[in-house]
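Quick look at structure-v6.pdb (PDB, C-alpha atoms and all ligand atoms):
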```pdb
ATOM      1  CA  MET A 285      86.658  96.559  53.864  1.00  0.00           C
ATOM      2  CA  GLN A 286      90.419  96.445  54.243  1.00  0.00           C
ATOM      3  CA  PRO A 287      92.363  93.507  55.722  1.00  0.00           C
ATOM      4  CA  PRO A 288      94.462  94.042  58.854  1.00  0.00           C
ATOM      5  CA  GLU A 289      97.512  96.202  58.189  1.00  0.00           C
ATOM      6  CA  GLY A 290     100.436  94.440  56.565  1.00  0.00           C
ATOM      7  CA  TYR A 291      98.305  91.762  54.901  1.00  0.00           C
ATOM      8  CA  ARG A 292      96.778  91.334  51.475  1.00  0.00           C
ATOM      9  CA  VAL A 293      93.716  89.245  50.587  1.00  0.00           C
ATOM     10  CA  ARG A 294      92.933  87.949  47.101  1.00  0.00           C
ATOM     11  CA  LYS A 295      91.221  85.115  45.271  1.00  0.00           C
ATOM     12  CA  MET A 296      92.897  81.708  45.581  1.00  0.00           C
ATOM     13  CA  ASP A 297      94.717  80.578  42.446  1.00  0.00           C
ATOM     14  CA  VAL A 298      95.901  77.125  41.377  1.00  0.00           C
ATOM     15  CA  ARG A 299      99.468  78.385  41.788  1.00  0.00           C
ATOM     16  CA  ASP A 300      98.775  78.970  45.507  1.00  0.00           C
ATOM     17  CA  LEU A 301      98.000  75.316  46.153  1.00  0.00           C
ATOM     18  CA  PRO A 302     101.499  74.122  47.178  1.00  0.00           C
ATOM     19  CA  ALA A 303     101.616  76.815  49.911  1.00  0.00           C
ATOM     20  CA  VAL A 304      97.983  76.199  50.843  1.00  0.00           C
ATOM     21  CA  LEU A 305      98.675  72.489  51.200  1.00  0.00           C
ATOM     22  CA  GLU A 306     101.750  73.117  53.335  1.00  0.00           C
ATOM     23  CA  LEU A 307      99.693  75.221  55.754  1.00  0.00           C
ATOM     24  CA  GLU A 308      96.793  72.754  55.682  1.00  0.00           C
ATOM     25  CA  GLN A 309      99.149  69.940  56.718  1.00  0.00           C
ATOM     26  CA  LYS A 310     100.589  72.081  59.500  1.00  0.00           C
ATOM     27  CA  VAL A 311      97.142  72.896  60.904  1.00  0.00           C
ATOM     28  CA  TYR A 312      94.919  69.790  60.627  1.00  0.00           C
ATOM     29  CA  PRO A 313      95.198  66.177  61.802  1.00  0.00           C
ATOM     30  CA  ALA A 314      93.216  65.095  58.715  1.00  0.00           C
ATOM     31  CA  PRO A 315      94.278  67.582  56.032  1.00  0.00           C
ATOM     32  CA  TRP A 316      92.540  68.122  52.716  1.00  0.00           C
ATOM     33  CA  THR A 317      94.330  66.797  49.639  1.00  0.00           C
ATOM     34  CA  TYR A 318      95.592  68.720  46.615  1.00  0.00           C
ATOM     35  CA  ARG A 319      92.683  67.395  44.547  1.00  0.00           C
ATOM     36  CA  MET A 320      90.135  68.665  47.071  1.00  0.00           C
ATOM     37  CA  PHE A 321      91.558  72.197  46.925  1.00  0.00           C
ATOM     38  CA  LEU A 322      91.862  72.027  43.152  1.00  0.00           C
ATOM     39  CA  GLY A 323      88.189  71.072  42.864  1.00  0.00           C
ATOM     40  CA  GLU A 324      87.161  74.078  44.948  1.00  0.00           C
ATOM     41  CA  VAL A 325      89.433  76.571  43.179  1.00  0.00           C
ATOM     42  CA  ARG A 326      88.015  75.483  39.832  1.00  0.00           C
ATOM     43  CA  ASN A 327      84.411  75.327  40.978  1.00  0.00           C
ATOM     44  CA  PRO A 328      82.442  78.231  39.460  1.00  0.00           C
ATOM     45  CA  LEU A 329      80.232  78.228  42.567  1.00  0.00           C
ATOM     46  CA  GLY A 330      83.237  78.517  44.861  1.00  0.00           C
ATOM     47  CA  TRP A 331      84.408  81.580  46.796  1.00  0.00           C
ATOM     48  CA  THR A 332      88.019  81.146  47.849  1.00  0.00           C
ATOM     49  CA  ARG A 333      90.482  83.605  49.318  1.00  0.00           C
ATOM     50  CA  VAL A 334      94.091  83.603  50.479  1.00  0.00           C
ATOM     51  CA  VAL A 335      95.842  85.929  52.898  1.00  0.00           C
ATOM     52  CA  GLU A 336      99.465  86.813  52.398  1.00  0.00           C
ATOM     53  CA  VAL A 337     101.908  89.029  54.180  1.00  0.00           C
ATOM     54  CA  GLU A 338     102.311  92.068  51.928  1.00  0.00           C
ATOM     55  CA  GLY A 339     104.964  91.090  49.402  1.00  0.00           C
ATOM     56  CA  GLY A 340     105.487  87.734  51.058  1.00  0.00           C
ATOM     57  CA  GLU A 341     104.299  84.346  52.205  1.00  0.00           C
ATOM     58  CA  LEU A 342     100.807  82.875  52.259  1.00  0.00           C
ATOM     59  CA  VAL A 343      99.520  82.738  55.847  1.00  0.00           C
ATOM     60  CA  GLY A 344      95.847  81.825  55.551  1.00  0.00           C
ATOM     61  CA  TYR A 345      92.919  80.885  53.374  1.00  0.00           C
ATOM     62  CA  LEU A 346      89.183  80.397  53.258  1.00  0.00           C
ATOM     63  CA  VAL A 347      87.227  78.009  51.036  1.00  0.00           C
ATOM     64  CA  SER A 348      83.468  78.171  50.607  1.00  0.00           C
ATOM     65  CA  ARG A 349      80.883  77.102  48.079  1.00  0.00           C
ATOM     66  CA  TYR A 350      77.391  78.189  47.059  1.00  0.00           C
ATOM     67  CA  TYR A 351      74.822  75.398  47.009  1.00  0.00           C
ATOM     68  CA  GLY A 352      71.909  77.277  45.476  1.00  0.00           C
ATOM     69  CA  ASP A 353      70.107  78.106  48.710  1.00  0.00           C
ATOM     70  CA  VAL A 354      73.010  78.272  51.167  1.00  0.00           C
ATOM     71  CA  TRP A 355      76.688  79.202  51.368  1.00  0.00           C
ATOM     72  CA  HIS A 356      78.843  76.521  52.978  1.00  0.00           C
ATOM     73  CA  LEU A 357      82.042  77.555  54.719  1.00  0.00           C
ATOM     74  CA  MET A 358      84.254  74.538  54.123  1.00  0.00           C
ATOM     75  CA  ASN A 359      87.684  75.538  55.387  1.00  0.00           C
ATOM     76  CA  VAL A 360      89.287  78.526  57.097  1.00  0.00           C
ATOM     77  CA  SER A 361      92.848  78.345  58.381  1.00  0.00           C
ATOM     78  CA  ILE A 362      95.402  80.850  59.602  1.00  0.00           C
ATOM     79  CA  ASP A 363      99.079  80.143  60.247  1.00  0.00           C
ATOM     80  CA  PRO A 364      99.627  79.859  64.029  1.00  0.00           C
ATOM     81  CA  GLU A 365     102.187  82.693  63.911  1.00  0.00           C
ATOM     82  CA  HIS A 366      99.608  85.074  62.433  1.00  0.00           C
ATOM     83  CA  ARG A 367      96.568  84.317  64.587  1.00  0.00           C
ATOM     84  CA  ARG A 368      94.573  86.716  66.786  1.00  0.00           C
ATOM     85  CA  GLN A 369      95.101  89.597  64.393  1.00  0.00           C
ATOM     86  CA  GLY A 370      91.671  89.523  62.859  1.00  0.00           C
ATOM     87  CA  LEU A 371      92.577  87.624  59.685  1.00  0.00           C
ATOM     88  CA  ALA A 372      89.968  84.843  59.910  1.00  0.00           C
ATOM     89  CA  GLY A 373      87.463  87.416  61.111  1.00  0.00           C
ATOM     90  CA  PHE A 374      88.148  89.540  58.041  1.00  0.00           C
ATOM     91  CA  LEU A 375      87.721  86.618  55.620  1.00  0.00           C
ATOM     92  CA  LEU A 376      84.560  85.537  57.366  1.00  0.00           C
ATOM     93  CA  ASP A 377      83.099  89.050  57.354  1.00  0.00           C
ATOM     94  CA  GLU A 378      83.540  89.178  53.581  1.00  0.00           C
ATOM     95  CA  LEU A 379      81.713  85.861  53.191  1.00  0.00           C
ATOM     96  CA  VAL A 380      78.971  86.983  55.587  1.00  0.00           C
ATOM     97  CA  LEU A 381      78.462  90.080  53.426  1.00  0.00           C
ATOM     98  CA  LEU A 382      78.320  87.992  50.278  1.00  0.00           C
ATOM     99  CA  ALA A 383      75.692  85.687  51.776  1.00  0.00           C
ATOM    100  CA  ALA A 384      73.699  88.561  53.240  1.00  0.00           C
ATOM    101  CA  ASP A 385      73.757  90.430  49.898  1.00  0.00           C
ATOM    102  CA  GLY A 386      72.376  87.347  48.178  1.00  0.00           C
ATOM    103  CA  GLY A 387      69.793  86.856  50.909  1.00  0.00           C
ATOM    104  CA  VAL A 388      70.999  83.342  51.702  1.00  0.00           C
ATOM    105  CA  ASP A 389      72.046  81.543  54.863  1.00  0.00           C
ATOM    106  CA  LEU A 390      75.589  80.537  55.695  1.00  0.00           C
ATOM    107  CA  THR A 391      76.383  77.159  57.248  1.00  0.00           C
ATOM    108  CA  LEU A 392      79.419  75.199  58.441  1.00  0.00           C
ATOM    109  CA  GLU A 393      80.570  72.251  60.554  1.00  0.00           C
ATOM    110  CA  VAL A 394      83.063  72.638  63.388  1.00  0.00           C
ATOM    111  CA  ARG A 395      84.653  70.169  65.807  1.00  0.00           C
ATOM    112  CA  VAL A 396      82.858  70.313  69.153  1.00  0.00           C
ATOM    113  CA  SER A 397      86.272  70.799  70.839  1.00  0.00           C
ATOM    114  CA  ASN A 398      87.307  73.750  68.614  1.00  0.00           C
ATOM    115  CA  LYS A 399      86.615  76.565  71.065  1.00  0.00           C
ATOM    116  CA  ALA A 400      88.534  79.221  69.102  1.00  0.00           C
ATOM    117  CA  ALA A 401      86.578  78.631  65.907  1.00  0.00           C
ATOM    118  CA  ILE A 402      83.231  78.351  67.712  1.00  0.00           C
ATOM    119  CA  ARG A 403      83.918  81.700  69.387  1.00  0.00           C
ATOM    120  CA  LEU A 404      84.864  83.216  66.030  1.00  0.00           C
ATOM    121  CA  TYR A 405      81.560  82.057  64.514  1.00  0.00           C
ATOM    122  CA  GLU A 406      79.388  82.980  67.494  1.00  0.00           C
ATOM    123  CA  ARG A 407      80.747  86.517  67.376  1.00  0.00           C
ATOM    124  CA  ARG A 408      79.372  86.719  63.856  1.00  0.00           C
ATOM    125  CA  ASP A 409      75.878  85.574  64.824  1.00  0.00           C
ATOM    126  CA  PHE A 410      76.215  81.928  63.849  1.00  0.00           C
ATOM    127  CA  GLN A 411      73.886  79.738  65.875  1.00  0.00           C
ATOM    128  CA  MET A 412      74.119  76.047  66.758  1.00  0.00           C
ATOM    129  CA  SER A 413      71.666  74.242  64.562  1.00  0.00           C
ATOM    130  CA  GLY A 414      72.565  70.586  65.002  1.00  0.00           C
ATOM    131  CA  ARG A 415      75.235  67.990  65.699  1.00  0.00           C
ATOM    132  CA  ARG A 416      76.733  65.336  63.411  1.00  0.00           C
ATOM    133  CA  PRO A 417      77.975  62.319  65.393  1.00  0.00           C
ATOM    134  CA  ALA A 418      81.493  61.015  64.559  1.00  0.00           C
ATOM    135  CA  TYR A 419      81.752  63.464  61.653  1.00  0.00           C
ATOM    136  CA  TYR A 420      85.563  63.611  61.684  1.00  0.00           C
ATOM    137  CA  HIS A 421      87.268  60.436  60.509  1.00  0.00           C
ATOM    138  CA  ASP A 422      90.583  60.866  62.335  1.00  0.00           C
ATOM    139  CA  ASN A 423      89.164  60.650  65.881  1.00  0.00           C
ATOM    140  CA  ARG A 424      85.419  60.209  65.303  1.00  0.00           C
ATOM    141  CA  GLU A 425      84.768  63.552  66.944  1.00  0.00           C
ATOM    142  CA  ASP A 426      81.300  65.075  66.592  1.00  0.00           C
ATOM    143  CA  ALA A 427      80.690  68.264  64.630  1.00  0.00           C
ATOM    144  CA  TYR A 428      78.377  71.076  65.526  1.00  0.00           C
ATOM    145  CA  ILE A 429      76.421  72.370  62.575  1.00  0.00           C
ATOM    146  CA  MET A 430      76.331  76.149  62.795  1.00  0.00           C
ATOM    147  CA  MET A 431      74.091  78.402  60.751  1.00  0.00           C
ATOM    148  CA  ARG A 432      74.008  82.112  60.173  1.00  0.00           C
ATOM    149  CA  PRO A 433      70.559  82.979  58.875  1.00  0.00           C
ATOM    150  CA  HIS A 434      70.458  85.898  56.498  1.00  0.00           C
ATOM    151  CA  GLU A 435      69.121  89.022  58.134  1.00  0.00           C
ATOM    152  CA  GLY A 436      65.387  88.448  57.650  1.00  0.00           C
ATOM    153  CA  GLN A 437      65.441  85.107  59.415  1.00  0.00           C
ATOM    154  CA  ILE A 438      67.319  85.970  62.598  1.00  0.00           C
ATOM    155  CA  GLU A 439      64.916  85.338  65.454  1.00  0.00           C
ATOM    156  CA  ALA A 440      64.232  88.180  67.843  1.00  0.00           C
ATOM    157  CA  PRO A 441      65.589  87.400  71.339  1.00  0.00           C
ATOM    158  CA  ARG A 442      62.932  85.942  73.600  1.00  0.00           C
ATOM    159  CA  LYS A 443      61.486  88.223  76.227  1.00  0.00           C
ATOM    160  CA  GLY A 444      63.135  87.927  79.613  1.00  0.00           C
ATOM    161  CA  ARG A 445      66.213  86.170  78.220  1.00  0.00           C
ATOM    162  CA  ARG A 446      69.393  87.511  79.736  1.00  0.00           C
ATOM    163  CA  GLY A 447      72.725  88.346  78.057  1.00  0.00           C
TER     164      GLY A 447
HETATM  165  C1  LIG A 501      90.061  79.454  64.200  1.00  0.00           C
HETATM  166  C2  LIG A 501      91.085  80.311  63.434  1.00  0.00           C
HETATM  167  C3  LIG A 501      90.755  80.235  61.949  1.00  0.00           C
HETATM  168  C4  LIG A 501      90.978  81.758  63.937  1.00  0.00           C
HETATM  169  O1  LIG A 501      91.869  82.552  63.158  1.00  0.00           O
HETATM  170  P1  LIG A 501      92.388  83.992  63.654  1.00  0.00           P
HETATM  171  O2  LIG A 501      92.871  84.746  62.477  1.00  0.00           O
HETATM  172  O3  LIG A 501      93.323  83.811  64.772  1.00  0.00           O
HETATM  173  O4  LIG A 501      91.029  84.622  64.199  1.00  0.00           O
HETATM  174  P2  LIG A 501      90.776  86.186  64.455  1.00  0.00           P
HETATM  175  O5  LIG A 501      92.034  86.849  64.905  1.00  0.00           O
HETATM  176  O6  LIG A 501      90.082  86.758  63.286  1.00  0.00           O
HETATM  177  O7  LIG A 501      89.793  86.086  65.694  1.00  0.00           O
HETATM  178  C5  LIG A 501      88.472  86.550  65.630  1.00  0.00           C
HETATM  179  C6  LIG A 501      87.764  86.128  66.907  1.00  0.00           C
HETATM  180  O8  LIG A 501      87.672  84.708  66.999  1.00  0.00           O
HETATM  181  C7  LIG A 501      87.795  84.314  68.364  1.00  0.00           C
HETATM  182  N1  LIG A 501      89.025  83.557  68.559  1.00  0.00           N
HETATM  183  C8  LIG A 501      89.989  83.336  67.627  1.00  0.00           C
HETATM  184  N2  LIG A 501      90.977  82.560  68.173  1.00  0.00           N
HETATM  185  C9  LIG A 501      90.596  82.317  69.448  1.00  0.00           C
HETATM  186  C10 LIG A 501      91.190  81.580  70.511  1.00  0.00           C
HETATM  187  N3  LIG A 501      92.361  80.940  70.382  1.00  0.00           N
HETATM  188  N4  LIG A 501      90.514  81.512  71.686  1.00  0.00           N
HETATM  189  C11 LIG A 501      89.330  82.127  71.846  1.00  0.00           C
HETATM  190  N5  LIG A 501      88.723  82.875  70.876  1.00  0.00           N
HETATM  191  C12 LIG A 501      89.360  82.945  69.698  1.00  0.00           C
HETATM  192  C13 LIG A 501      87.845  85.589  69.160  1.00  0.00           C
HETATM  193  O9  LIG A 501      86.529  85.958  69.461  1.00  0.00           O
HETATM  194  C14 LIG A 501      88.476  86.531  68.177  1.00  0.00           C
HETATM  195  O10 LIG A 501      88.190  87.873  68.423  1.00  0.00           O
HETATM  196  P3  LIG A 501      89.179  88.704  69.404  1.00  0.00           P
HETATM  197  O11 LIG A 501      90.585  88.435  68.962  1.00  0.00           O
HETATM  198  O12 LIG A 501      88.696  90.107  69.186  1.00  0.00           O
HETATM  199  O13 LIG A 501      88.901  88.178  70.771  1.00  0.00           O
HETATM  200  C15 LIG A 501      92.540  79.829  63.684  1.00  0.00           C
HETATM  201  O14 LIG A 501      92.720  79.661  65.076  1.00  0.00           O
HETATM  202  C16 LIG A 501      92.900  78.545  62.971  1.00  0.00           C
HETATM  203  O15 LIG A 501      93.372  78.558  61.830  1.00  0.00           O
HETATM  204  N6  LIG A 501      92.691  77.387  63.646  1.00  0.00           N
HETATM  205  C17 LIG A 501      92.991  76.091  63.058  1.00  0.00           C
HETATM  206  C18 LIG A 501      92.057  75.769  61.909  1.00  0.00           C
HETATM  207  C19 LIG A 501      90.620  75.760  62.357  1.00  0.00           C
HETATM  208  O16 LIG A 501      90.280  75.259  63.429  1.00  0.00           O
HETATM  209  N7  LIG A 501      89.740  76.304  61.498  1.00  0.00           N
HETATM  210  C20 LIG A 501      88.326  76.320  61.729  1.00  0.00           C
HETATM  211  C21 LIG A 501      87.774  75.002  61.285  1.00  0.00           C
HETATM  212  S1  LIG A 501      85.988  74.950  61.480  1.00  0.00           S
END
```

Turn the structure described in the file into structure tokens.
Amino acid sequence: MQPPEGYRVRKMDVRDLPAVLELEQKVYPAPWTYRMFLGEVRNPLGWTRVVEVEGGELVGYLVSRYYGDVWHLMNVSIDPEHRRQGLAGFLLDELVLLAADGGVDLTLEVRVSNKAAIRLYERRDFQMSGRRPAYYHDNREDAYIMMRPHEGQIEAPRKGRRG
């Protein structure tokens, strides 16, 4: 798979963290800290990626971790000026492939108000699998738990169901 034209995707490196942190602080009301990113970059069970403009600035990243029986998507962020070009979709597709190849499920939490992200996940066959009350500390917003079962476990649509 190739990223959208004009962009490059590669593994996240410790040297990326200042730029990652700058974007994180631009995007989230309760941003991750340097130490949190460092822990994930160094984690041997982590799968991290950054997106950069070819020959230029860092404009997105994805952080995920393997927990033995499930992949957890922990953070995906794209610079507002580079959204709706398929960048998050590309990163997510790579992670979906990784999980599917390993025959494991993929899970994540998302703010119940985050329509853009929920749409992104639903288009990749994630399903709502629960809700965590007051999961986010900044405003006590609930999180949906979303799960993408690996191929064998996707339920067949019920008979007579529309759409
Ligand atoms: C959510 C986010 C990562 C999407 O990044 P992106 O690169 O713009 O997403 P893509 O261009 O790959 O979009 C893929 C699909 O997601 C959905 N989507 C993305 N942004 C959307 C929006 N603003 N409104 C509705 N649907 C949206 C669409 O289905 C889109 O497909 P389409 O463009 O063919 O309609 C980005 O908006 C972001 O960084 N938001 C802030 C951080 C965040 O909320 N991260 C998720 C935390 S759980």

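For the point (83.1, 81.4, 67.7), the residues with at least one atom inside 12 Å, counting all atoms listed in the file, are Ala372, Gly373, Leu376, Leu392, Glu393, Val394, Arg395, Val396, Ser397, Asn398, Lys399, Ala400, Ala401, Ile402, Arg403, Leu404, Tyr405, Glu406, Arg407, Arg408, Asp409, Phe410, Gln411, Met412, Tyr428, Met430, Met431 and Arg432 of chain A.
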
Could the residues in this selection be saved with C-alpha atoms as a compact mmCIF listing (two decimals), in the coordinates of the input?
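The resulting result04.txt:
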```txt
# COMPACT_ATOMS: atom_id res chain seq x y z
CA ALA A 372 89.97 84.84 59.91
CA GLY A 373 87.46 87.42 61.11
CA LEU A 376 84.56 85.54 57.37
CA LEU A 392 79.42 75.20 58.44
CA GLU A 393 80.57 72.25 60.55
CA VAL A 394 83.06 72.64 63.39
CA ARG A 395 84.65 70.17 65.81
CA VAL A 396 82.86 70.31 69.15
CA SER A 397 86.27 70.80 70.84
CA ASN A 398 87.31 73.75 68.61
CA LYS A 399 86.62 76.56 71.06
CA ALA A 400 88.53 79.22 69.10
CA ALA A 401 86.58 78.63 65.91
CA ILE A 402 83.23 78.35 67.71
CA ARG A 403 83.92 81.70 69.39
CA LEU A 404 84.86 83.22 66.03
CA TYR A 405 81.56 82.06 64.51
CA GLU A 406 79.39 82.98 67.49
CA ARG A 407 80.75 86.52 67.38
CA ARG A 408 79.37 86.72 63.86
CA ASP A 409 75.88 85.57 64.82
CA PHE A 410 76.22 81.93 63.85
CA GLN A 411 73.89 79.74 65.88
CA MET A 412 74.12 76.05 66.76
CA TYR A 428 78.38 71.08 65.53
CA MET A 430 76.33 76.15 62.80
CA MET A 431 74.09 78.40 60.75
CA ARG A 432 74.01 82.11 60.17
```

Protein/DNA/RNA residues near (87.5, 71.5, 42.8), cut 12 Å, all atoms listed in the file, as an MDAnalysis selection string: chainID A and resid 296:298 301 316:332 347:349

Interatomic distance, atom CA of A:Tyr351 to atom N5 of ligand LIG 501 (chain A) (Å, one decimal): 28.6 Å

Tell me, in Å to one decimal, how far atom C5 of ligand LIG 501 (chain A) is from atom CA of A:Pro287. 12.7 Å

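In this structure, atom S1 of ligand LIG 501 (chain A) sits 11.2 Å away from atom CA of A:His356.
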
What's around A:His421 at 12 Å? Count all atoms listed in the file, leave out sequence neighbours fewer than 6 positions away in its own chain, and write the answer as a VMD selection string. chain A and resid 313 to 315 395 427

Would you list the contacts of A:Val304 as a ChimeraX atom specification, taking every protein, DNA or RNA residue within 8 Å and counting all atoms listed in the file, but skipping same-chain residues closer than 5 positions in sequence? /A:342,344-345

Output C-alpha atoms for every residue in that selection, as an mmCIF file, keeping the file's coordinate frame.
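New file part-v4.cif:
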```cif
data_model
loop_
_atom_site.group_PDB
_atom_site.id
_atom_site.type_symbol
_atom_site.label_atom_id
_atom_site.label_comp_id
_atom_site.auth_asym_id
_atom_site.auth_seq_id
_atom_site.Cartn_x
_atom_site.Cartn_y
_atom_site.Cartn_z
ATOM 1 C CA LEU A 342 100.807 82.875 52.259
ATOM 2 C CA GLY A 344 95.847 81.825 55.551
ATOM 3 C CA TYR A 345 92.919 80.885 53.374
#
```

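Minimum atom-to-atom distances from A:Lys310, A:Arg333, A:Arg424, A:Arg299 to A:Leu375 were compared using all atoms listed in the file, and the lowest value belongs to A:Arg333.
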
Identify, on the basis of only C-alpha atoms, every residue whose closest approach to A:Phe374 does not exceed 12 Å; exclude the query and any residue fewer than 5 positions from it along the same chain; express the result as number ranges by chain. A: 285-289, 291-293, 333-335, 344-346, 360, 362, 367-369, 379-381, 404-405, 408

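When only C-alpha atoms and all ligand atoms are used to compute distances to ligand LIG 501 (chain A), the closest of the residues A:Leu357, A:Val337, A:Ala303, A:Ala383 turns out to be A:Leu357.
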
Extending 8 Å beyond the listed atoms of ligand LIG 501 (chain A) on each side, what axis-aligned box results? I want centre and edge lengths in Å to one decimal, as lines of an AutoDock Vina configuration file.
```
center_x = 89.7
center_y = 82.5
center_z = 66.6
size_x = 23.4
size_y = 31.2
size_z = 26.6
```

Find, counting all atoms listed in the file, the residue in A:Glu338, A:Asp422, A:Asp353, A:Asp363 that gets nearest to ligand LIG 501 (chain A). A:Asp363

Closest to ligand LIG 501 (chain A) among A:Tyr312, A:Glu365, A:Gly370, A:Glu435, using only C-alpha atoms and all ligand atoms? A:Gly370

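Distances to ligand LIG 501 (chain A) were evaluated for A:Arg415, A:His434, A:His366, A:Lys295 using only C-alpha atoms and all ligand atoms, and the minimum falls at A:His366.
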
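Comparing A:Pro364, A:Pro433, A:Pro417, A:Gly387 by their smallest distance to ligand LIG 501 (chain A), the closest is A:Pro364 (using all atoms listed in the file).
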